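Structure file final.cif; described as mmCIF, C-alpha atoms.
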data_work
loop_
_atom_site.label_atom_id
_atom_site.label_comp_id
_atom_site.auth_asym_id
_atom_site.auth_seq_id
_atom_site.Cartn_x
_atom_site.Cartn_y
_atom_site.Cartn_z
CA LEU A 1 -19.73 10.33 -42.81
CA THR A 2 -18.03 7.39 -44.51
CA ARG A 3 -20.07 4.32 -45.39
CA HIS A 4 -18.90 0.97 -46.72
CA SER A 5 -20.77 -0.97 -49.38
CA GLU A 6 -20.55 -4.22 -51.28
CA THR A 7 -21.62 -4.36 -54.96
CA SER A 8 -22.34 -7.12 -57.46
CA THR A 9 -23.77 -7.22 -60.98
CA SER A 10 -25.61 -9.68 -63.18
CA VAL A 11 -26.61 -9.62 -66.84
CA ILE A 12 -30.08 -10.54 -68.08
CA LYS A 13 -30.12 -11.92 -71.63
CA THR A 14 -32.92 -12.31 -74.15
CA ASN A 15 -32.33 -14.74 -77.04
CA LYS A 16 -28.74 -14.91 -75.89
CA ASN A 17 -28.35 -11.18 -76.26
CA PRO A 18 -27.67 -8.98 -73.23
CA GLN A 19 -30.68 -6.80 -72.49
CA TYR A 20 -30.25 -5.61 -68.92
CA ILE A 21 -27.53 -5.21 -66.29
CA ILE A 22 -28.64 -5.37 -62.68
CA PHE A 23 -26.51 -3.81 -59.93
CA PHE A 24 -26.78 -4.95 -56.31
CA ILE A 25 -25.47 -2.60 -53.60
CA ARG A 26 -25.46 -3.63 -49.94
CA ASP A 27 -24.47 -1.41 -47.00
CA ILE A 28 -21.85 -3.33 -44.93
CA SER A 29 -20.75 -0.43 -42.71
CA ASP A 30 -21.96 -2.17 -39.55
CA ASN A 31 -20.06 -5.34 -40.47
CA ILE A 32 -16.84 -3.38 -41.09
CA LEU A 33 -17.26 -1.53 -37.80
CA TYR A 34 -17.84 -4.82 -35.97
CA GLN A 35 -14.69 -6.34 -37.52
CA HIS A 36 -12.64 -3.32 -36.50
CA GLN A 37 -13.96 -3.58 -32.94
CA LEU A 38 -13.10 -7.26 -32.82
CA GLU A 39 -9.57 -6.54 -34.03
CA LYS A 40 -9.22 -3.76 -31.47
CA GLU A 41 -10.42 -6.00 -28.65
CA LYS A 42 -8.10 -8.78 -29.84
CA ARG A 43 -5.09 -6.44 -29.77
CA LYS A 44 -6.16 -5.17 -26.36
CA ALA A 45 -6.45 -8.72 -25.01
CA GLN A 46 -3.06 -9.67 -26.48
CA GLU A 47 -1.48 -6.56 -24.94
CA SER A 48 -3.09 -7.34 -21.58
CA ASP A 49 -1.82 -10.92 -21.67
CA ARG A 50 1.67 -9.73 -22.61
CA LEU A 51 1.75 -7.22 -19.76
CA LYS A 52 0.38 -9.73 -17.25
CA THR A 53 3.02 -12.25 -18.29
CA ALA A 54 5.72 -9.62 -17.85
CA PHE A 55 4.21 -8.63 -14.50
CA LEU A 56 4.12 -12.20 -13.20
CA GLY A 57 7.71 -12.77 -14.27
CA ASN A 58 8.78 -9.58 -12.53
CA MET A 59 6.67 -10.44 -9.48
CA SER A 60 8.38 -13.80 -9.16
CA HIS A 61 11.73 -11.99 -9.22
CA GLU A 62 10.62 -9.41 -6.67
CA ILE A 63 9.37 -12.06 -4.24
CA ARG A 64 12.26 -14.47 -4.62
CA THR A 65 14.97 -11.80 -4.27
CA PRO A 66 14.18 -10.78 -0.65
CA MET A 67 13.21 -14.35 0.22
CA ASN A 68 16.61 -15.53 -0.95
CA ALA A 69 18.29 -13.04 1.39
CA ILE A 70 15.97 -13.87 4.31
CA ILE A 71 16.46 -17.64 3.99
CA GLY A 72 20.15 -17.39 3.17
CA PHE A 73 21.14 -15.12 6.04
CA SER A 74 18.88 -17.05 8.44
CA GLU A 75 20.90 -20.17 7.60
CA LEU A 76 24.16 -18.29 8.17
CA LEU A 77 22.98 -17.24 11.63
CA ASN A 78 22.95 -20.93 12.57
CA ASP A 79 26.63 -21.28 11.72
CA PRO A 80 28.53 -21.41 15.06
CA GLU A 81 31.55 -19.78 13.41
CA THR A 82 29.58 -16.64 12.54
CA SER A 83 31.02 -13.69 14.48
CA LYS A 84 28.97 -11.26 16.58
CA LYS A 85 29.57 -8.50 14.04
CA GLU A 86 28.43 -10.73 11.19
CA ARG A 87 25.32 -11.77 13.12
CA LYS A 88 24.34 -8.14 13.58
CA GLU A 89 24.90 -7.46 9.88
CA TYR A 90 22.91 -10.54 8.83
CA THR A 91 20.05 -9.61 11.18
CA ASN A 92 19.86 -6.12 9.69
CA LEU A 93 19.76 -7.58 6.18
CA ILE A 94 17.00 -10.00 7.17
CA ASN A 95 14.97 -7.12 8.61
CA THR A 96 15.49 -4.94 5.53
CA ASN A 97 14.47 -7.67 3.09
CA SER A 98 11.52 -8.70 5.27
CA TYR A 99 10.08 -5.19 5.12
CA GLU A 100 10.70 -5.00 1.37
CA LEU A 101 8.72 -8.23 0.97
CA LEU A 102 5.97 -6.91 3.22
CA ASP A 103 5.75 -3.70 1.15
CA LEU A 104 5.33 -5.79 -2.00
CA ILE A 105 2.56 -7.88 -0.41
CA ASP A 106 0.83 -4.71 0.81
CA ASP A 107 0.92 -3.24 -2.72
CA ILE A 108 -0.64 -6.36 -4.24
CA ILE A 109 -3.36 -6.40 -1.58
CA ASP A 110 -4.00 -2.66 -1.97
CA VAL A 111 -4.46 -2.93 -5.75
CA SER A 112 -6.82 -5.88 -5.30
CA LYS A 113 -8.86 -4.07 -2.64
CA ILE A 114 -9.10 -0.90 -4.72
CA GLU A 115 -10.22 -2.75 -7.85
CA ALA A 116 -12.75 -4.75 -5.81
CA GLY A 117 -14.18 -1.52 -4.38
CA GLN A 118 -13.32 -2.53 -0.81
CA VAL A 119 -11.39 0.60 0.17
CA LYS A 120 -13.39 2.91 2.41
CA ILE A 121 -12.51 6.57 2.76
CA ARG A 122 -12.84 7.87 6.32
CA LYS A 123 -12.25 11.61 6.56
CA THR A 124 -10.98 13.24 9.72
CA THR A 125 -9.05 16.38 10.58
CA CYS A 126 -5.49 15.92 9.25
CA PRO A 127 -2.59 18.09 10.44
CA LEU A 128 -0.41 18.14 7.33
CA GLN A 129 2.80 19.13 9.10
CA ASN A 130 2.67 15.93 11.17
CA ILE A 131 2.15 13.79 8.08
CA PHE A 132 5.03 15.48 6.25
CA ASN A 133 7.40 15.21 9.22
CA GLN A 134 6.65 11.49 9.48
CA LEU A 135 7.30 11.01 5.75
CA TYR A 136 10.54 12.98 5.97
CA ASP A 137 11.83 10.88 8.88
CA GLN A 138 10.85 7.64 7.12
CA PHE A 139 12.56 8.39 3.81
CA GLN A 140 15.57 10.17 5.31
CA GLU A 141 16.33 6.93 7.15
CA ILE A 142 16.03 4.95 3.90
CA ILE A 143 18.36 7.35 2.04
CA GLN A 144 20.95 7.11 4.81
CA ARG A 145 20.63 3.32 4.97
CA ASP A 146 21.14 2.96 1.22
CA LYS A 147 23.88 5.63 1.23
CA LYS A 148 22.35 7.44 -1.73
CA PRO A 149 23.70 10.95 -2.44
CA ILE A 150 20.24 12.50 -2.37
CA LYS A 151 19.10 15.57 -0.47
CA LEU A 152 15.54 15.17 0.82
CA ILE A 153 13.60 18.42 1.16
CA SER A 154 10.22 18.96 2.82
CA GLU A 155 8.71 22.10 1.31
CA ILE A 156 6.07 23.36 3.75
CA PRO A 157 5.17 27.05 3.32
CA ASP A 158 5.45 28.94 6.63
CA GLU A 159 1.97 30.35 6.27
CA LEU A 160 0.53 26.85 5.75
CA LYS A 161 2.52 24.82 8.27
CA ASP A 162 -0.36 24.70 10.76
CA ILE A 163 -3.09 23.97 8.22
CA GLN A 164 -5.40 21.05 8.95
CA ILE A 165 -7.49 19.64 6.13
CA PHE A 166 -10.48 17.34 6.30
CA SER A 167 -9.42 14.17 4.51
CA ASP A 168 -8.40 10.54 5.01
CA ALA A 169 -4.98 10.84 6.67
CA TYR A 170 -4.02 7.19 6.15
CA HIS A 171 -4.74 7.10 2.42
CA LEU A 172 -3.37 10.62 1.82
CA ARG A 173 -0.10 9.55 3.45
CA GLN A 174 -0.14 6.33 1.40
CA ALA A 175 -0.47 8.24 -1.90
CA LEU A 176 2.40 10.56 -1.01
CA GLN A 177 4.51 7.67 0.27
CA HIS A 178 4.36 5.84 -3.06
CA LEU A 179 5.23 9.00 -5.01
CA ILE A 180 8.21 9.81 -2.78
CA SER A 181 9.42 6.21 -2.85
CA ASN A 182 9.22 6.22 -6.64
CA ALA A 183 11.15 9.51 -6.85
CA ILE A 184 13.96 8.22 -4.62
CA LYS A 185 14.15 4.93 -6.48
CA PHE A 186 14.74 6.59 -9.86
CA THR A 187 17.07 9.32 -8.61
CA GLU A 188 20.71 8.25 -8.43
CA GLN A 189 21.89 11.58 -7.03
CA GLY A 190 20.60 15.10 -6.59
CA LYS A 191 17.48 15.95 -4.66
CA VAL A 192 13.91 14.91 -3.99
CA SER A 193 11.46 17.46 -2.62
CA PHE A 194 7.83 17.23 -1.59
CA GLY A 195 5.36 19.80 -0.38
CA TYR A 196 1.97 21.43 -0.85
CA SER A 197 0.37 24.75 -1.77
CA ILE A 198 -3.10 26.27 -2.06
CA LEU A 199 -4.73 26.99 -5.43
CA ARG A 200 -7.44 29.64 -5.30
CA GLU A 201 -10.09 29.17 -7.98
CA ALA A 202 -13.36 30.92 -8.71
CA ASN A 203 -15.62 28.01 -7.83
CA ASN A 204 -13.58 26.17 -5.23
CA ASP A 205 -10.18 26.11 -3.56
CA LEU A 206 -7.79 23.22 -4.05
CA ILE A 207 -4.74 21.96 -2.20
CA ARG A 208 -1.93 20.85 -4.48
CA PHE A 209 0.61 18.24 -3.36
CA HIS A 210 3.83 17.71 -5.30
CA VAL A 211 6.87 15.43 -5.38
CA LYS A 212 9.85 16.59 -7.47
CA ASP A 213 13.05 14.76 -8.29
CA SER A 214 16.20 15.23 -10.36
CA GLY A 215 16.18 11.64 -11.59
CA LEU A 216 15.81 9.78 -14.87
CA GLY A 217 12.70 11.49 -16.14
CA ILE A 218 9.96 9.88 -18.21
CA PRO A 219 9.71 9.99 -22.04
CA GLU A 220 6.68 11.90 -23.29
CA ASP A 221 5.23 8.87 -25.08
CA LYS A 222 5.17 6.95 -21.76
CA GLN A 223 3.57 9.63 -19.61
CA ASP A 224 0.01 8.72 -20.61
CA VAL A 225 0.42 5.12 -19.47
CA ILE A 226 2.79 5.46 -16.49
CA PHE A 227 -0.08 5.16 -13.99
CA GLN A 228 -1.49 2.02 -15.58
CA ARG A 229 -1.06 -1.28 -13.83
CA PHE A 230 1.68 -3.57 -15.24
CA ARG A 231 3.11 -0.79 -17.41
CA GLN A 232 6.42 -0.18 -15.66
CA VAL A 233 7.65 -3.73 -15.96
CA GLU A 234 7.68 -3.65 -19.76
CA GLU A 235 10.37 -0.98 -19.96
CA SER A 236 13.89 -2.35 -20.26
CA ASN A 237 15.51 0.51 -18.34
CA ILE A 238 13.06 0.13 -15.45
CA ARG A 239 14.06 -3.52 -15.10
CA ASN A 240 17.28 -2.22 -13.59
CA TYR A 241 15.31 -1.14 -10.53
CA SER A 242 13.48 -3.20 -7.94
CA GLY A 243 9.73 -2.99 -7.45
CA ALA A 244 6.61 -4.37 -9.03
CA GLY A 245 5.53 -1.08 -10.59
CA LEU A 246 2.28 -0.82 -8.63
CA GLY A 247 3.04 2.29 -6.57
CA LEU A 248 1.90 4.87 -9.12
CA THR A 249 -1.24 2.86 -9.85
CA ILE A 250 -2.11 2.82 -6.16
CA SER A 251 -1.44 6.56 -5.79
CA LYS A 252 -3.68 7.39 -8.75
CA LYS A 253 -6.53 5.22 -7.49
CA ILE A 254 -6.29 6.69 -3.99
CA VAL A 255 -6.27 10.27 -5.27
CA GLU A 256 -9.38 9.53 -7.31
CA LEU A 257 -11.08 8.01 -4.25
CA LEU A 258 -10.28 11.26 -2.43
CA ASP A 259 -12.06 13.18 -5.25
CA GLY A 260 -8.79 14.48 -6.66
CA GLN A 261 -6.78 14.42 -9.87
CA ILE A 262 -3.17 13.38 -10.45
CA GLY A 263 -0.67 14.28 -13.15
CA LEU A 264 3.01 14.75 -13.94
CA THR A 265 5.49 16.82 -15.89
CA SER A 266 8.80 15.27 -16.90
CA LYS A 267 11.70 15.33 -19.34
CA PRO A 268 14.21 12.51 -19.81
CA GLY A 269 17.37 13.31 -17.88
CA LYS A 270 15.79 16.38 -16.29
CA GLY A 271 13.72 14.78 -13.56
CA SER A 272 9.99 14.63 -12.89
CA GLU A 273 7.28 16.30 -10.89
CA PHE A 274 4.27 14.27 -9.80
CA TYR A 275 1.39 16.27 -8.40
CA PHE A 276 -2.21 15.88 -7.37
CA THR A 277 -4.94 18.24 -6.26
CA LEU A 278 -7.70 17.65 -3.73
CA PRO A 279 -10.72 19.78 -2.80
CA LEU A 280 -9.63 21.98 0.10
CA GLU A 281 -11.80 21.03 3.05
CA THR A 282 -10.96 22.36 6.49
CA LYS A 283 -12.50 22.01 9.92
CA ASP A 284 -12.22 24.32 12.90
CA LYS A 285 -11.72 21.36 15.22
CA LYS A 286 -8.22 21.27 16.69
CA THR A 287 -6.28 18.05 16.49
CA GLU A 288 -3.70 17.18 19.08
CA LYS A 289 -0.25 16.97 17.53
CA GLU A 290 1.15 13.49 17.17
CA GLY A 291 4.63 12.51 18.26
CA ILE A 292 6.86 12.53 15.24
CA ARG A 293 10.33 11.87 16.56
CA LYS A 294 11.74 8.49 17.24
CA THR A 295 12.33 7.53 20.85
CA PRO A 296 14.35 4.65 22.25
CA LEU A 297 12.51 1.45 23.13
CA PRO A 298 10.79 2.23 26.46
CA ASN A 299 11.96 0.47 29.59
CA TYR A 300 8.67 -0.62 31.16
CA ASP A 301 8.55 -2.54 34.45
CA TRP A 302 5.44 -4.69 34.80
CA SER A 303 6.76 -6.99 37.52
CA GLU A 304 3.35 -7.34 39.14
CA LYS A 305 1.40 -7.80 35.91
CA LYS A 306 0.28 -10.98 34.16
CA ILE A 307 -0.27 -10.96 30.40
CA LEU A 308 -1.99 -13.69 28.37
CA ILE A 309 -0.88 -14.19 24.76
CA ALA A 310 -3.57 -15.95 22.68
CA GLU A 311 -1.66 -17.16 19.60
CA ASP A 312 -1.74 -20.51 17.79
CA ILE A 313 1.54 -20.02 15.86
CA GLU A 314 4.43 -20.77 18.20
CA ALA A 315 6.91 -18.56 16.32
CA ASN A 316 4.59 -15.57 16.74
CA TYR A 317 4.15 -16.33 20.43
CA LEU A 318 7.93 -16.58 20.95
CA TYR A 319 8.39 -13.21 19.23
CA ILE A 320 5.91 -11.47 21.53
CA GLU A 321 7.30 -13.30 24.55
CA ALA A 322 10.80 -12.07 23.70
CA ILE A 323 9.51 -8.49 23.58
CA LEU A 324 7.71 -8.79 26.93
CA MET A 325 10.50 -10.60 28.76
CA GLN A 326 12.34 -7.30 29.32
CA THR A 327 9.33 -5.90 31.19
CA ASN A 328 9.46 -8.59 33.93
CA ALA A 329 5.77 -9.35 33.37
CA THR A 330 4.41 -12.84 33.97
CA ILE A 331 3.56 -14.30 30.57
CA ILE A 332 1.17 -17.17 29.86
CA TRP A 333 0.23 -18.73 26.55
CA ALA A 334 -3.08 -19.91 25.15
CA ALA A 335 -2.86 -21.74 21.81
CA ASP A 336 -6.58 -21.58 20.95
CA GLY A 337 -9.63 -19.44 21.61
CA ASN A 338 -11.32 -21.81 24.07
CA GLN A 339 -8.20 -22.00 26.22
CA ALA A 340 -7.81 -18.21 26.18
CA ALA A 341 -11.41 -17.66 27.32
CA ASP A 342 -11.20 -20.34 30.05
CA GLN A 343 -7.93 -18.99 31.47
CA CYS A 344 -9.26 -15.43 31.65
CA ILE A 345 -12.37 -16.62 33.51
CA THR A 346 -10.57 -18.88 35.98
CA ASP A 347 -7.43 -16.77 36.52
CA GLN A 348 -8.51 -13.41 37.89
CA ASP A 349 -4.88 -12.25 38.09
CA ILE A 350 -4.60 -11.83 34.31
CA ASP A 351 -4.23 -8.09 33.66
CA LEU A 352 -4.29 -7.96 29.85
CA VAL A 353 -4.81 -10.15 26.78
CA LEU A 354 -3.05 -10.02 23.42
CA MET A 355 -5.60 -11.73 21.17
CA ASP A 356 -4.93 -13.23 17.77
CA ILE A 357 -8.07 -13.34 15.60
CA GLN A 358 -7.61 -16.50 13.54
CA LEU A 359 -7.53 -19.11 16.31
CA PRO A 360 -8.58 -22.77 16.46
CA GLY A 361 -11.82 -23.43 18.33
CA LEU A 362 -13.30 -20.06 19.23
CA ASP A 363 -11.87 -17.39 16.95
CA GLY A 364 -10.53 -14.15 18.42
CA TYR A 365 -13.85 -12.33 18.10
CA GLU A 366 -15.79 -15.08 19.86
CA ALA A 367 -13.16 -15.57 22.57
CA THR A 368 -13.16 -11.81 23.27
CA GLN A 369 -16.95 -11.78 23.58
CA VAL A 370 -16.82 -14.61 26.13
CA ILE A 371 -14.06 -12.88 28.09
CA LYS A 372 -15.85 -9.53 28.13
CA LYS A 373 -19.07 -11.19 29.29
CA HIS A 374 -17.33 -12.40 32.47
CA ARG A 375 -14.62 -9.72 32.82
CA PRO A 376 -15.79 -6.55 31.05
CA ASN A 377 -12.89 -4.45 32.40
CA LEU A 378 -10.10 -6.79 31.25
CA PRO A 379 -8.21 -5.06 28.39
CA VAL A 380 -8.03 -7.10 25.18
CA ILE A 381 -5.72 -6.00 22.36
CA ALA A 382 -6.39 -7.58 18.97
CA LEU A 383 -3.09 -8.55 17.34
CA THR A 384 -3.89 -9.93 13.91
CA ALA A 385 -2.70 -10.45 10.36
CA PHE A 386 -6.15 -9.44 9.09
CA ALA A 387 -5.72 -5.94 7.62
CA ALA A 388 -8.98 -5.24 5.76
CA ASP A 389 -10.57 -1.83 6.26
CA ASN A 390 -13.44 -3.24 8.33
CA GLU A 391 -11.34 -5.49 10.60
CA LYS A 392 -10.68 -2.78 13.17
CA GLU A 393 -14.39 -2.04 13.34
CA LYS A 394 -15.19 -5.76 13.76
CA SER A 395 -12.55 -6.15 16.48
CA LEU A 396 -13.81 -3.18 18.48
CA LYS A 397 -17.41 -4.31 18.04
CA ALA A 398 -16.46 -7.73 19.44
CA GLY A 399 -15.13 -6.01 22.56
CA CYS A 400 -11.43 -5.50 21.84
CA ASP A 401 -9.99 -2.34 23.32
CA GLU A 402 -7.28 -1.88 20.70
CA TYR A 403 -6.41 -3.22 17.23
CA LEU A 404 -2.87 -3.87 15.97
CA THR A 405 -1.93 -5.49 12.66
CA LYS A 406 0.96 -7.89 12.10
CA PRO A 407 3.81 -7.48 11.57
CA VAL A 408 4.03 -5.11 14.51
CA LYS A 409 7.13 -3.44 15.91
CA PRO A 410 8.17 -3.97 19.54
CA GLN A 411 7.66 -0.33 20.52
CA VAL A 412 4.10 -0.34 19.17
CA ILE A 413 3.23 -3.43 21.23
CA LEU A 414 4.82 -2.05 24.40
CA ASP A 415 3.23 1.39 24.06
CA SER A 416 -0.19 -0.12 23.44
CA ILE A 417 0.05 -2.44 26.46
CA ASN A 418 1.31 0.37 28.67
CA HIS A 419 -1.75 2.43 27.74
CA PHE A 420 -3.99 -0.14 29.44
CA LEU A 421 -1.84 -1.27 32.38
#
The structure in this file should be written as structure tokens.
Amino acid sequence: LTRHSETSTSVIKTNKNPQYIIFFIRDISDNILYQHQLEKEKRKAQESDRLKTAFLGNMSHEIRTPMNAIIGFSELLNDPETSKKERKEYTNLINTNSYELLDLIDDIIDVSKIEAGQVKIRKTTCPLQNIFNQLYDQFQEIIQRDKKPIKLISEIPDELKDIQIFSDAYHLRQALQHLISNAIKFTEQGKVSFGYSILREANNDLIRFHVKDSGLGIPEDKQDVIFQRFRQVEESNIRNYSGAGLGLTISKKIVELLDGQIGLTSKPGKGSEFYFTLPLETKDKKTEKEGIRKTPLPNYDWSEKKILIAEDIEANYLYIEAILMQTNATIIWAADGNQAADQCITDQDIDLVLMDIQLPGLDGYEATQVIKKHRPNLPVIALTAFAADNEKEKSLKAGCDEYLTKPVKPQVILDSINHFL
């Protein structure tokens, strides 16, 4: 044990002759320790400020880049000399950049929700093969779109292809999605594979998920901090790639919420393997297999149906109207909650309601409650930009029959409506 002390001396004289020397010794170990802690906290605060500044600068770049494409190509669509081929190309670029911007916003919201303790884990029976097939289709489309020379491999052991674990399917898929996206981003060519296996241990069994790539690799001195928020943006080589660097942070937090552990092995130039383990929980309950293949936009005919769209933003209404026009349904518009409730009460021919939540007057919850009081069998689908974990529960409790979050794809809207008509 090391202690720190401070000493001083004084001389006592008699008749101007030194007689005694007095030594004073004071233990200052606590003071030294306190100073070291202050210096440590100061360095930590300075590092945090530096990383946040770098993060905000990168975030500005990541937001403005897709916005520049969205605004720019939208302006070009207004040019009467733009050809049909160019319009199609510009529209595809607007869609691509819009979803990139949405992914960034989702990441920021997810990190905030996780740190605020607002993420709720809801475990159900999860058929892993369905989740992996969905992930494969999603990222195979991205690889083909970006024309990257990467082979995507889904490694599902034959003996485990039908396994169903008891976990939170949404958040499990989210954790894997960020890891796969990260692997593809930092792999210029080669392969990216993802899969799972079972680890048998004395006390408990674990399921191990992995994502491997043949990409850049991560230096050993960076592997301890790679999952920390803001860390990616400080590396000069990572600045060559898009993204805010929040994906690995989100994956780590989600895995921990699922009572698991995450790690990686990597060598620069040799690729990386990210993996995480979860307690293996299974249920005997069978889960119906979900559709996993893409189908063309359905051709519904609702000629005899009337649909009310409750939406205060005209652009959003016009979008939904454009989707429903092909179905031959009669479409009416209510721009506030009071109007939506009144129309449903007075017009008994209305067959279904698409209900925004944030409406002037009565909000979507209140308007739905009024509607259900007078017409309990009228289907109401909540179509909202609110995406918090408890919003679906609140919508259903208010009387909504279904809950969809914006932005929503045309096929999702049509399939949901068709379920109730």
(message) Please compute the CA of Leu216 (chain A)-CA of Ser272 (chain A) distance, one decimal, in Å.
(response)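 Between CA of Leu216 (chain A) and CA of Ser272 (chain A) the gap works out to 7.8 Å.
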(request) Kindly give the distance, in Å, that separates CA of Lys372 (chain A) and CA of His419 (chain A), rounded to a single decimal. (result)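 We find that CA of Lys372 (chain A) and CA of His419 (chain A) lie 18.5 Å from each other.
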(message) To one decimal place in Å, what is the distance between CA of Glu141 (chain A) and CA of Thr327 (chain A)?
(response) 28.1 Å
(request) Extract, using only C-alpha atoms, all DNA, RNA and protein residues at most 6 Å from Ile218 (chain A), discarding same-chain residues fewer than 4 positions from it, and format them as a list in words. (result)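 Counting only the stated atoms, we get Ser266, Lys267 and Pro268 of chain A.
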(request) Could you state which residues are captured by the PyMOL selection byres ((chain A and resi 118-127) around 6) in this file, as a VMD selection string? (result) chain A and resid 113 to 114 116 to 117 128 to 130 164 to 169
(request) Could you state which residues are captured by the PyMOL selection byres ((chain A and resi 394-411) around 10) in this file, as a PyMOL selection string? (result) chain A and resi 99+102+295-298+316+319-320+322-324+353-357+364-373+376-393+412-417+419-420
(request) Around the point (-12.2, 13.5, -4.9), in the coordinates given by the file, pick out the residues reaching within 10 Å, counting all atoms listed in the file, and return them as a PyMOL selection string. (result) chain A and resi 167+254-261+277-279
(request) Please provide the set of residues having any atom within 7 Å of region 1-13 of chain A, restricted to only C-alpha atoms, with same-chain residues fewer than 5 positions apart removed, written as an MDAnalysis selection string. (result) chainID A and resid 18:29
(request) For Ser181 (chain A), work out the shell of residues within 10 Å, counting all atoms listed in the file and skipping chain neighbours fewer than 5 positions away, then give it as a list in words. (result) Phe139, Ile142, Leu176, Phe186, Val192, Val211, Gly247 and Leu248 of chain A
Write the selection just made, keeping C-alpha atoms, as an mmCIF file, in the frame of the given file?
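Wrote it out as selection.cif, contents follow:
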data_model
loop_
_atom_site.group_PDB
_atom_site.id
_atom_site.type_symbol
_atom_site.label_atom_id
_atom_site.label_comp_id
_atom_site.auth_asym_id
_atom_site.auth_seq_id
_atom_site.Cartn_x
_atom_site.Cartn_y
_atom_site.Cartn_z
ATOM 1 C CA PHE A 139 12.560 8.390 3.810
ATOM 2 C CA ILE A 142 16.030 4.950 3.900
ATOM 3 C CA LEU A 176 2.400 10.560 -1.010
ATOM 4 C CA PHE A 186 14.740 6.590 -9.860
ATOM 5 C CA VAL A 192 13.910 14.910 -3.990
ATOM 6 C CA VAL A 211 6.870 15.430 -5.380
ATOM 7 C CA GLY A 247 3.040 2.290 -6.570
ATOM 8 C CA LEU A 248 1.900 4.870 -9.120
#
(request) Step by step, work through what the PyMOL selection byres ((chain A and resi 333) around 6) selects in the shown file, and finish by giving those residues as a list of chain:residue names. (result) A:Leu308, A:Ile309, A:Ile332, A:Ala334
(message) When you look at Thr346 (chain A) with a cut-off of 12 Å (counting only C-alpha atoms), what residues show up, excluding the ones that are within fewer than 5 positions of it in the same chain? I need them as a ChimeraX atom specification.
(response) /A:339-341,371,374-375
Keeping only C-alpha atoms, write those residues as a short mmCIF file (atom, residue, chain, number, x, y, z; two decimals), in the coordinates of the input.
data_model
loop_
_atom_site.label_atom_id
_atom_site.label_comp_id
_atom_site.auth_asym_id
_atom_site.auth_seq_id
_atom_site.Cartn_x
_atom_site.Cartn_y
_atom_site.Cartn_z
CA GLN A 339 -8.20 -22.00 26.22
CA ALA A 340 -7.81 -18.21 26.18
CA ALA A 341 -11.41 -17.66 27.32
CA ILE A 371 -14.06 -12.88 28.09
CA HIS A 374 -17.33 -12.40 32.47
CA ARG A 375 -14.62 -9.72 32.82
#
